[in-house]
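Student: My structure is stored as start-v8.txt, with compact mmCIF, N, CA and C atoms.
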# COMPACT_ATOMS: atom_id res chain seq x y z
N MET A 1 -32.19 -93.87 96.97
CA MET A 1 -31.73 -92.77 96.15
C MET A 1 -32.94 -91.99 95.66
N LYS A 2 -32.80 -90.72 95.67
CA LYS A 2 -33.89 -89.88 95.24
C LYS A 2 -33.99 -89.89 93.73
N LEU A 3 -35.14 -89.50 93.26
CA LEU A 3 -35.40 -89.46 91.82
C LEU A 3 -34.46 -88.48 91.12
N ARG A 4 -34.22 -87.39 91.76
CA ARG A 4 -33.33 -86.38 91.17
C ARG A 4 -31.91 -86.95 91.01
N SER A 5 -31.43 -87.67 91.99
CA SER A 5 -30.10 -88.26 91.93
C SER A 5 -30.04 -89.34 90.86
N ARG A 6 -31.09 -90.14 90.74
CA ARG A 6 -31.14 -91.19 89.72
C ARG A 6 -31.15 -90.57 88.32
N MET A 7 -31.97 -89.54 88.12
CA MET A 7 -32.04 -88.89 86.80
C MET A 7 -30.68 -88.28 86.44
N LEU A 8 -30.05 -87.70 87.43
CA LEU A 8 -28.74 -87.11 87.20
C LEU A 8 -27.73 -88.19 86.84
N ALA A 9 -27.79 -89.31 87.52
CA ALA A 9 -26.84 -90.39 87.27
C ALA A 9 -27.11 -91.08 85.94
N PHE A 10 -28.37 -91.33 85.60
CA PHE A 10 -28.69 -92.10 84.40
C PHE A 10 -28.89 -91.25 83.14
N ILE A 11 -29.14 -89.97 83.30
CA ILE A 11 -29.33 -89.10 82.13
C ILE A 11 -28.18 -88.10 82.02
N GLY A 12 -27.88 -87.45 83.10
CA GLY A 12 -26.88 -86.37 83.08
C GLY A 12 -25.47 -86.86 82.76
N LEU A 13 -25.04 -87.94 83.41
CA LEU A 13 -23.69 -88.45 83.17
C LEU A 13 -23.50 -88.96 81.75
N PRO A 14 -24.44 -89.74 81.17
CA PRO A 14 -24.26 -90.16 79.78
C PRO A 14 -24.25 -88.97 78.81
N VAL A 15 -25.11 -87.98 79.07
CA VAL A 15 -25.13 -86.80 78.19
C VAL A 15 -23.79 -86.07 78.29
N LEU A 16 -23.29 -85.92 79.52
CA LEU A 16 -21.99 -85.27 79.72
C LEU A 16 -20.87 -86.06 79.04
N LEU A 17 -20.93 -87.39 79.14
CA LEU A 17 -19.92 -88.24 78.51
C LEU A 17 -19.99 -88.11 76.99
N VAL A 18 -21.19 -88.10 76.42
CA VAL A 18 -21.37 -87.94 74.97
C VAL A 18 -20.84 -86.58 74.52
N LEU A 19 -21.15 -85.53 75.27
CA LEU A 19 -20.64 -84.19 74.94
C LEU A 19 -19.11 -84.15 74.99
N LEU A 20 -18.53 -84.80 75.95
CA LEU A 20 -17.07 -84.85 76.07
C LEU A 20 -16.46 -85.59 74.88
N ILE A 21 -17.05 -86.71 74.51
CA ILE A 21 -16.55 -87.48 73.37
C ILE A 21 -16.69 -86.67 72.08
N LEU A 22 -17.85 -86.04 71.89
CA LEU A 22 -18.06 -85.21 70.70
C LEU A 22 -17.08 -84.04 70.65
N SER A 23 -16.77 -83.46 71.79
CA SER A 23 -15.81 -82.35 71.84
C SER A 23 -14.42 -82.80 71.41
N VAL A 24 -13.99 -83.95 71.90
CA VAL A 24 -12.68 -84.49 71.54
C VAL A 24 -12.62 -84.81 70.05
N VAL A 25 -13.64 -85.47 69.53
CA VAL A 25 -13.69 -85.81 68.11
C VAL A 25 -13.71 -84.55 67.26
N SER A 26 -14.51 -83.58 67.64
CA SER A 26 -14.59 -82.32 66.90
C SER A 26 -13.24 -81.60 66.92
N TYR A 27 -12.58 -81.59 68.06
CA TYR A 27 -11.26 -80.94 68.17
C TYR A 27 -10.25 -81.60 67.23
N LYS A 28 -10.20 -82.93 67.27
CA LYS A 28 -9.24 -83.66 66.42
C LYS A 28 -9.53 -83.42 64.93
N TYR A 29 -10.79 -83.45 64.56
CA TYR A 29 -11.17 -83.24 63.16
C TYR A 29 -10.82 -81.81 62.71
N SER A 30 -11.15 -80.83 63.54
CA SER A 30 -10.84 -79.44 63.22
C SER A 30 -9.34 -79.21 63.15
N ASP A 31 -8.62 -79.84 64.06
CA ASP A 31 -7.16 -79.72 64.05
C ASP A 31 -6.56 -80.27 62.76
N SER A 32 -7.04 -81.43 62.32
CA SER A 32 -6.50 -82.00 61.08
C SER A 32 -6.86 -81.14 59.87
N LEU A 33 -8.09 -80.61 59.84
CA LEU A 33 -8.48 -79.72 58.73
C LEU A 33 -7.62 -78.46 58.69
N LEU A 34 -7.42 -77.85 59.84
CA LEU A 34 -6.63 -76.63 59.92
C LEU A 34 -5.17 -76.90 59.55
N THR A 35 -4.63 -78.01 59.99
CA THR A 35 -3.25 -78.37 59.65
C THR A 35 -3.11 -78.60 58.15
N ASN A 36 -4.02 -79.33 57.55
CA ASN A 36 -3.97 -79.58 56.11
C ASN A 36 -4.09 -78.28 55.31
N GLU A 37 -5.00 -77.41 55.72
CA GLU A 37 -5.18 -76.14 55.02
C GLU A 37 -3.93 -75.26 55.14
N SER A 38 -3.32 -75.25 56.33
CA SER A 38 -2.10 -74.47 56.53
C SER A 38 -0.96 -75.02 55.68
N GLU A 39 -0.83 -76.33 55.61
CA GLU A 39 0.21 -76.95 54.79
C GLU A 39 0.01 -76.63 53.31
N GLN A 40 -1.22 -76.69 52.84
CA GLN A 40 -1.50 -76.36 51.44
C GLN A 40 -1.19 -74.90 51.15
N LEU A 41 -1.56 -74.01 52.06
CA LEU A 41 -1.29 -72.59 51.88
C LEU A 41 0.21 -72.31 51.86
N MET A 42 0.94 -72.95 52.77
CA MET A 42 2.39 -72.77 52.79
C MET A 42 3.03 -73.32 51.52
N SER A 43 2.55 -74.45 51.05
CA SER A 43 3.09 -75.05 49.83
C SER A 43 2.84 -74.14 48.63
N MET A 44 1.62 -73.60 48.52
CA MET A 44 1.31 -72.71 47.40
C MET A 44 2.14 -71.43 47.48
N THR A 45 2.34 -70.90 48.67
CA THR A 45 3.15 -69.70 48.85
C THR A 45 4.60 -69.97 48.48
N ALA A 46 5.12 -71.11 48.91
CA ALA A 46 6.50 -71.47 48.58
C ALA A 46 6.67 -71.64 47.07
N GLN A 47 5.71 -72.26 46.41
CA GLN A 47 5.79 -72.43 44.96
C GLN A 47 5.76 -71.08 44.25
N LYS A 48 4.90 -70.18 44.72
CA LYS A 48 4.80 -68.86 44.10
C LYS A 48 6.11 -68.10 44.24
N TYR A 49 6.62 -68.02 45.46
CA TYR A 49 7.86 -67.28 45.67
C TYR A 49 9.04 -67.98 45.00
N GLY A 50 9.04 -69.30 45.00
CA GLY A 50 10.09 -70.03 44.29
C GLY A 50 10.08 -69.71 42.81
N SER A 51 8.89 -69.64 42.23
CA SER A 51 8.76 -69.29 40.82
C SER A 51 9.21 -67.85 40.56
N ASP A 52 8.84 -66.94 41.47
CA ASP A 52 9.27 -65.54 41.32
C ASP A 52 10.79 -65.42 41.39
N ILE A 53 11.39 -66.12 42.34
CA ILE A 53 12.85 -66.08 42.48
C ILE A 53 13.52 -66.67 41.26
N GLU A 54 12.99 -67.78 40.77
CA GLU A 54 13.55 -68.40 39.56
C GLU A 54 13.47 -67.45 38.38
N THR A 55 12.37 -66.73 38.24
CA THR A 55 12.21 -65.76 37.16
C THR A 55 13.25 -64.65 37.28
N LEU A 56 13.45 -64.14 38.49
CA LEU A 56 14.46 -63.09 38.71
C LEU A 56 15.85 -63.58 38.35
N ILE A 57 16.17 -64.78 38.78
CA ILE A 57 17.50 -65.34 38.49
C ILE A 57 17.68 -65.53 36.98
N GLN A 58 16.66 -66.06 36.32
CA GLN A 58 16.75 -66.26 34.87
C GLN A 58 16.92 -64.93 34.14
N ARG A 59 16.25 -63.89 34.62
CA ARG A 59 16.38 -62.57 34.01
C ARG A 59 17.82 -62.06 34.15
N LYS A 60 18.40 -62.24 35.34
CA LYS A 60 19.79 -61.79 35.57
C LYS A 60 20.76 -62.58 34.69
N ILE A 61 20.51 -63.86 34.56
CA ILE A 61 21.36 -64.69 33.70
C ILE A 61 21.25 -64.23 32.25
N SER A 62 20.05 -63.88 31.83
CA SER A 62 19.85 -63.38 30.46
C SER A 62 20.62 -62.09 30.24
N TYR A 63 20.58 -61.18 31.22
CA TYR A 63 21.36 -59.95 31.11
C TYR A 63 22.84 -60.26 30.93
N LEU A 64 23.34 -61.16 31.76
CA LEU A 64 24.77 -61.50 31.69
C LEU A 64 25.12 -62.15 30.34
N ASP A 65 24.26 -63.03 29.88
CA ASP A 65 24.52 -63.68 28.59
C ASP A 65 24.54 -62.66 27.45
N MET A 66 23.59 -61.72 27.47
CA MET A 66 23.55 -60.70 26.41
C MET A 66 24.79 -59.80 26.47
N ILE A 67 25.16 -59.39 27.67
CA ILE A 67 26.33 -58.52 27.82
C ILE A 67 27.59 -59.25 27.41
N ALA A 68 27.73 -60.51 27.83
CA ALA A 68 28.91 -61.28 27.46
C ALA A 68 28.99 -61.46 25.94
N LEU A 69 27.88 -61.74 25.32
CA LEU A 69 27.86 -61.91 23.86
C LEU A 69 28.24 -60.61 23.17
N GLU A 70 27.73 -59.50 23.68
CA GLU A 70 28.07 -58.20 23.10
C GLU A 70 29.56 -57.91 23.25
N PHE A 71 30.13 -58.23 24.40
CA PHE A 71 31.56 -57.98 24.62
C PHE A 71 32.42 -58.87 23.72
N VAL A 72 31.99 -60.10 23.53
CA VAL A 72 32.75 -61.01 22.67
C VAL A 72 32.71 -60.53 21.22
N LYS A 73 31.55 -60.09 20.77
CA LYS A 73 31.42 -59.63 19.38
C LYS A 73 32.18 -58.33 19.14
N ARG A 74 32.07 -57.40 20.09
CA ARG A 74 32.63 -56.06 19.91
C ARG A 74 34.10 -55.97 20.32
N ALA A 75 34.49 -56.75 21.33
CA ALA A 75 35.82 -56.67 21.92
C ALA A 75 36.19 -55.22 22.23
N PRO A 76 35.48 -54.61 23.19
CA PRO A 76 35.72 -53.20 23.47
C PRO A 76 37.09 -52.96 24.09
N GLY A 77 37.59 -51.75 23.89
CA GLY A 77 38.84 -51.36 24.51
C GLY A 77 38.61 -51.06 25.98
N GLU A 78 39.69 -50.69 26.68
CA GLU A 78 39.61 -50.47 28.12
C GLU A 78 38.61 -49.37 28.48
N LYS A 79 38.66 -48.26 27.79
CA LYS A 79 37.76 -47.15 28.09
C LYS A 79 36.31 -47.54 27.79
N GLU A 80 36.08 -48.17 26.64
CA GLU A 80 34.72 -48.59 26.28
C GLU A 80 34.18 -49.62 27.28
N LEU A 81 35.06 -50.53 27.71
CA LEU A 81 34.66 -51.56 28.67
C LEU A 81 34.20 -50.92 29.98
N ILE A 82 34.97 -49.97 30.48
CA ILE A 82 34.60 -49.29 31.72
C ILE A 82 33.28 -48.53 31.54
N GLU A 83 33.12 -47.87 30.41
CA GLU A 83 31.87 -47.15 30.14
C GLU A 83 30.68 -48.11 30.09
N ASP A 84 30.87 -49.25 29.42
CA ASP A 84 29.79 -50.23 29.33
C ASP A 84 29.45 -50.81 30.70
N LEU A 85 30.47 -51.15 31.48
CA LEU A 85 30.22 -51.70 32.81
C LEU A 85 29.51 -50.68 33.70
N THR A 86 29.89 -49.42 33.58
CA THR A 86 29.23 -48.36 34.35
C THR A 86 27.78 -48.21 33.92
N TYR A 87 27.56 -48.22 32.62
CA TYR A 87 26.20 -48.10 32.08
C TYR A 87 25.32 -49.24 32.59
N TYR A 88 25.81 -50.47 32.47
CA TYR A 88 25.01 -51.61 32.90
C TYR A 88 24.81 -51.61 34.42
N SER A 89 25.81 -51.18 35.17
CA SER A 89 25.68 -51.11 36.63
C SER A 89 24.57 -50.14 37.04
N GLN A 90 24.40 -49.08 36.26
CA GLN A 90 23.38 -48.08 36.59
C GLN A 90 22.01 -48.45 36.03
N LYS A 91 21.96 -49.11 34.89
CA LYS A 91 20.69 -49.30 34.19
C LYS A 91 19.99 -50.64 34.42
N VAL A 92 20.73 -51.66 34.77
CA VAL A 92 20.11 -52.97 34.97
C VAL A 92 19.53 -53.01 36.38
N PRO A 93 18.21 -53.15 36.50
CA PRO A 93 17.57 -53.11 37.82
C PRO A 93 17.92 -54.32 38.68
N GLY A 94 18.07 -54.06 39.95
CA GLY A 94 18.28 -55.14 40.90
C GLY A 94 19.70 -55.68 40.97
N THR A 95 20.66 -54.98 40.39
CA THR A 95 22.05 -55.44 40.47
C THR A 95 22.86 -54.44 41.27
N LEU A 96 23.91 -54.95 41.89
CA LEU A 96 24.81 -54.07 42.64
C LEU A 96 25.86 -53.47 41.73
N GLY A 97 26.14 -54.13 40.63
CA GLY A 97 27.13 -53.62 39.70
C GLY A 97 27.68 -54.72 38.83
N PHE A 98 28.38 -54.32 37.79
CA PHE A 98 29.02 -55.26 36.86
C PHE A 98 30.53 -55.04 36.94
N LEU A 99 31.25 -56.13 36.80
CA LEU A 99 32.70 -56.05 36.86
C LEU A 99 33.29 -57.05 35.88
N SER A 100 34.57 -56.87 35.63
CA SER A 100 35.25 -57.77 34.71
C SER A 100 36.69 -57.93 35.17
N GLY A 101 37.14 -59.18 35.23
CA GLY A 101 38.52 -59.48 35.61
C GLY A 101 39.17 -60.33 34.54
N PHE A 102 40.44 -60.07 34.28
CA PHE A 102 41.15 -60.77 33.20
C PHE A 102 42.34 -61.54 33.75
N GLU A 103 42.82 -62.52 32.95
CA GLU A 103 43.94 -63.36 33.36
C GLU A 103 45.21 -62.55 33.58
N ASN A 104 45.38 -61.45 32.85
CA ASN A 104 46.59 -60.65 32.99
C ASN A 104 46.58 -59.80 34.26
N GLY A 105 45.52 -59.92 35.09
CA GLY A 105 45.46 -59.19 36.36
C GLY A 105 44.65 -57.92 36.31
N LYS A 106 44.24 -57.50 35.12
CA LYS A 106 43.44 -56.27 35.03
C LYS A 106 42.03 -56.54 35.54
N TYR A 107 41.51 -55.53 36.24
CA TYR A 107 40.19 -55.63 36.85
C TYR A 107 39.47 -54.32 36.63
N TYR A 108 38.21 -54.42 36.17
CA TYR A 108 37.41 -53.22 35.92
C TYR A 108 36.08 -53.38 36.63
N ASP A 109 35.63 -52.31 37.27
CA ASP A 109 34.38 -52.34 38.03
C ASP A 109 33.49 -51.20 37.56
N GLY A 110 32.25 -51.50 37.24
CA GLY A 110 31.31 -50.50 36.74
C GLY A 110 30.77 -49.57 37.80
N THR A 111 31.04 -49.87 39.07
CA THR A 111 30.56 -49.00 40.15
C THR A 111 31.58 -47.94 40.51
N GLY A 112 32.77 -48.03 39.93
CA GLY A 112 33.81 -47.06 40.23
C GLY A 112 34.75 -47.50 41.34
N TRP A 113 34.53 -48.69 41.89
CA TRP A 113 35.39 -49.19 42.96
C TRP A 113 36.76 -49.55 42.40
N VAL A 114 37.78 -49.07 43.04
CA VAL A 114 39.15 -49.38 42.63
C VAL A 114 39.78 -50.19 43.77
N PRO A 115 40.15 -51.44 43.49
CA PRO A 115 40.71 -52.28 44.55
C PRO A 115 42.13 -51.85 44.90
N ASP A 116 42.57 -52.22 46.11
CA ASP A 116 43.95 -51.92 46.48
C ASP A 116 44.90 -52.88 45.76
N ALA A 117 46.17 -52.66 45.91
CA ALA A 117 47.17 -53.42 45.16
C ALA A 117 47.19 -54.90 45.53
N SER A 118 46.77 -55.25 46.74
CA SER A 118 46.81 -56.65 47.16
C SER A 118 45.61 -57.46 46.67
N TYR A 119 44.63 -56.80 46.09
CA TYR A 119 43.43 -57.51 45.64
C TYR A 119 43.75 -58.36 44.42
N ASP A 120 43.43 -59.64 44.51
CA ASP A 120 43.66 -60.56 43.39
C ASP A 120 42.33 -61.23 43.04
N HIS A 121 41.72 -60.77 41.97
CA HIS A 121 40.41 -61.31 41.59
C HIS A 121 40.50 -62.76 41.14
N LYS A 122 41.68 -63.21 40.75
CA LYS A 122 41.83 -64.58 40.25
C LYS A 122 41.66 -65.62 41.36
N THR A 123 41.69 -65.19 42.62
CA THR A 123 41.49 -66.13 43.73
C THR A 123 40.03 -66.18 44.17
N ARG A 124 39.19 -65.38 43.58
CA ARG A 124 37.77 -65.31 43.96
C ARG A 124 36.97 -66.41 43.27
N GLU A 125 35.92 -66.85 43.96
CA GLU A 125 35.08 -67.93 43.43
C GLU A 125 34.38 -67.53 42.13
N TRP A 126 33.95 -66.29 42.02
CA TRP A 126 33.26 -65.87 40.81
C TRP A 126 34.18 -65.95 39.59
N TYR A 127 35.45 -65.65 39.80
CA TYR A 127 36.41 -65.70 38.70
C TYR A 127 36.68 -67.15 38.32
N LYS A 128 36.90 -67.99 39.31
CA LYS A 128 37.16 -69.42 39.04
C LYS A 128 35.97 -70.06 38.33
N GLY A 129 34.75 -69.71 38.76
CA GLY A 129 33.56 -70.25 38.10
C GLY A 129 33.45 -69.79 36.66
N ALA A 130 33.76 -68.51 36.42
CA ALA A 130 33.69 -67.98 35.05
C ALA A 130 34.74 -68.65 34.15
N ILE A 131 35.95 -68.82 34.67
CA ILE A 131 37.00 -69.49 33.89
C ILE A 131 36.60 -70.94 33.61
N GLY A 132 36.01 -71.61 34.59
CA GLY A 132 35.55 -72.98 34.39
C GLY A 132 34.51 -73.07 33.29
N LYS A 133 33.57 -72.14 33.27
CA LYS A 133 32.56 -72.12 32.21
C LYS A 133 33.17 -71.79 30.86
N LEU A 134 34.15 -70.91 30.86
CA LEU A 134 34.82 -70.56 29.61
C LEU A 134 35.55 -71.77 29.05
N LEU A 135 36.26 -72.50 29.89
CA LEU A 135 36.97 -73.70 29.43
C LEU A 135 35.99 -74.76 28.92
N LEU A 136 34.88 -74.91 29.62
CA LEU A 136 33.86 -75.86 29.17
C LEU A 136 33.31 -75.46 27.81
N TYR A 137 33.04 -74.18 27.63
CA TYR A 137 32.55 -73.67 26.34
C TYR A 137 33.58 -73.90 25.24
N GLN A 138 34.85 -73.64 25.54
CA GLN A 138 35.90 -73.84 24.55
C GLN A 138 36.03 -75.31 24.17
N ASN A 139 35.94 -76.20 25.15
CA ASN A 139 36.01 -77.64 24.86
C ASN A 139 34.85 -78.09 23.99
N ARG A 140 33.66 -77.61 24.27
CA ARG A 140 32.50 -77.97 23.44
C ARG A 140 32.67 -77.45 22.02
N THR A 141 33.16 -76.22 21.90
CA THR A 141 33.36 -75.64 20.58
C THR A 141 34.37 -76.45 19.79
N GLN A 142 35.46 -76.85 20.42
CA GLN A 142 36.47 -77.66 19.74
C GLN A 142 35.90 -79.00 19.33
N MET A 143 35.11 -79.62 20.17
CA MET A 143 34.50 -80.91 19.83
C MET A 143 33.55 -80.79 18.65
N LEU A 144 32.77 -79.69 18.62
CA LEU A 144 31.85 -79.48 17.51
C LEU A 144 32.60 -79.22 16.22
N GLN A 145 33.72 -78.54 16.29
CA GLN A 145 34.50 -78.24 15.09
C GLN A 145 35.14 -79.51 14.52
N LYS A 146 35.52 -80.45 15.40
CA LYS A 146 36.12 -81.71 14.95
C LYS A 146 35.08 -82.63 14.32
N ALA A 147 33.84 -82.51 14.74
CA ALA A 147 32.80 -83.42 14.24
C ALA A 147 32.37 -83.11 12.84
Starting from the coordinates I provided, produce the structure as structure tokens.
Tutor:
Amino acid sequence: MKLRSRMLAFIGLPVLLVLLILSVVSYKYSDSLLTNESEQLMSMTAQKYGSDIETLIQRKISYLDMIALEFVKRAPGEKELIEDLTYYSQKVPGTLGFLSGFENGKYYDGTGWVPDASYDHKTREWYKGAIGKLLLYQNRTQMLQKA
């Protein structure tokens, strides 16, 4: 065997093997670092947007609570109720509109939408949820009054 072939076999192949091993190790290490950094970035982004969404929802709930409290205290008539719903539908940012439905079948919408005769708001989930909360509130009030 020539000297050149021996040097290539005894020096070149081990160097090539070491470079290959270092490349694989470097790739795996870089991959894990990049994956961890991406996961942390996604987690921080999700927390930020989750917090922003929670803030928006809490703000909307606060609007509803204030309006409901005002309506309970004032007990507006039909005309005043429609005016108030229209006002809030136009002035509260980020809402599509405010509406009110009653057990007697009357329905008022602040956007000016008038439902057809077959529309029954009492079958809607929003109405059932509101009635459920009202009953819960009434039960708590009665329990507090008895205590």
Student: DSSP on the backbone: which residues in segment 20-113 of chain A end up as strand (DSSP E or B)? Give the answer as a tab-separated table (two decimals) with N, CA and C atoms, keeping the file's coordinate frame.
Tutor:
chain	number	residue	atom	x	y	z
A	99	LEU	N	31.25	-56.13	36.80
A	99	LEU	CA	32.70	-56.05	36.86
A	99	LEU	C	33.29	-57.05	35.88
A	100	SER	N	34.57	-56.87	35.63
A	100	SER	CA	35.25	-57.77	34.71
A	100	SER	C	36.69	-57.93	35.17
A	101	GLY	N	37.14	-59.18	35.23
A	101	GLY	CA	38.52	-59.48	35.61
A	101	GLY	C	39.17	-60.33	34.54
A	107	TYR	N	41.51	-55.53	36.24
A	107	TYR	CA	40.19	-55.63	36.85
A	107	TYR	C	39.47	-54.32	36.63
A	108	TYR	N	38.21	-54.42	36.17
A	108	TYR	CA	37.41	-53.22	35.92
A	108	TYR	C	36.08	-53.38	36.63
A	109	ASP	N	35.63	-52.31	37.27
A	109	ASP	CA	34.38	-52.34	38.03
A	109	ASP	C	33.49	-51.20	37.56
Student: Please, what distance in Å, to one decimal, runs between atom CA of Lys60 of chain A and atom CA of Gly97 of chain A?
Tutor: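 Result for atom CA of Lys60 of chain A versus atom CA of Gly97 of chain A: 11.7 Å, one decimal.
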Student: As a PyMOL selection string, which residues of chain A does DSSP assign to alpha helix (DSSP H)?
Tutor: chain A and resi 3-7+13-74+78-91+125-146
Student: With all heavy atoms as the atom set, please write segment 31-39 of chain A from the structure just given, as a tab-separated table (two decimals), in the first residue's frame.
Tutor:
chain	number	residue	atom	x	y	z
A	31	ASP	N	-31.49	21.00	17.29
A	31	ASP	CA	-32.91	20.67	17.15
A	31	ASP	C	-33.63	20.78	18.48
A	31	ASP	O	-34.73	21.35	18.56
A	31	ASP	CB	-33.06	19.26	16.56
A	31	ASP	CG	-34.51	18.87	16.37
A	31	ASP	OD1	-35.25	19.64	15.71
A	31	ASP	OD2	-34.90	17.80	16.87
A	32	SER	N	-33.03	20.25	19.54
A	32	SER	CA	-33.69	20.32	20.85
A	32	SER	C	-33.77	21.76	21.35
A	32	SER	O	-34.78	22.17	21.93
A	32	SER	CB	-32.97	19.44	21.87
A	32	SER	OG	-31.70	19.97	22.19
A	33	LEU	N	-32.71	22.56	21.12
A	33	LEU	CA	-32.76	23.98	21.52
A	33	LEU	C	-33.85	24.73	20.77
A	33	LEU	O	-34.62	25.50	21.36
A	33	LEU	CB	-31.40	24.65	21.27
A	33	LEU	CG	-30.28	24.37	22.26
A	33	LEU	CD1	-29.01	25.07	21.80
A	33	LEU	CD2	-30.66	24.82	23.65
A	34	LEU	N	-33.93	24.53	19.48
A	34	LEU	CA	-34.92	25.21	18.66
A	34	LEU	C	-36.34	24.77	19.04
A	34	LEU	O	-37.25	25.61	19.14
A	34	LEU	CB	-34.67	24.92	17.18
A	34	LEU	CG	-35.50	25.69	16.18
A	34	LEU	CD1	-35.29	27.20	16.35
A	34	LEU	CD2	-35.14	25.28	14.76
A	35	THR	N	-36.53	23.51	19.31
A	35	THR	CA	-37.84	23.01	19.73
A	35	THR	C	-38.24	23.62	21.07
A	35	THR	O	-39.38	24.07	21.23
A	35	THR	CB	-37.82	21.47	19.84
A	35	THR	OG1	-37.45	20.93	18.57
A	35	THR	CG2	-39.17	20.93	20.24
A	36	ASN	N	-37.34	23.63	22.03
A	36	ASN	CA	-37.65	24.21	23.34
A	36	ASN	C	-37.97	25.70	23.23
A	36	ASN	O	-38.91	26.19	23.85
A	36	ASN	CB	-36.49	24.00	24.31
A	36	ASN	CG	-36.35	22.57	24.74
A	36	ASN	OD1	-37.29	21.78	24.64
A	36	ASN	ND2	-35.17	22.20	25.20
A	37	GLU	N	-37.20	26.43	22.43
A	37	GLU	CA	-37.44	27.86	22.27
A	37	GLU	C	-38.79	28.11	21.59
A	37	GLU	O	-39.53	29.01	22.00
A	37	GLU	CB	-36.32	28.49	21.45
A	37	GLU	CG	-36.42	30.00	21.36
A	37	GLU	CD	-35.25	30.62	20.63
A	37	GLU	OE1	-34.16	30.03	20.62
A	37	GLU	OE2	-35.45	31.71	20.07
A	38	SER	N	-39.12	27.30	20.60
A	38	SER	CA	-40.41	27.44	19.92
A	38	SER	C	-41.56	27.15	20.87
A	38	SER	O	-42.58	27.85	20.87
A	38	SER	CB	-40.49	26.50	18.72
A	38	SER	OG	-39.54	26.84	17.75
A	39	GLU	N	-41.42	26.12	21.69
A	39	GLU	CA	-42.47	25.78	22.66
A	39	GLU	C	-42.65	26.90	23.68
A	39	GLU	O	-43.78	27.24	24.03
A	39	GLU	CB	-42.13	24.47	23.36
A	39	GLU	CG	-42.32	23.25	22.49
A	39	GLU	CD	-41.87	21.97	23.17
A	39	GLU	OE1	-41.33	22.02	24.30
A	39	GLU	OE2	-42.02	20.90	22.54
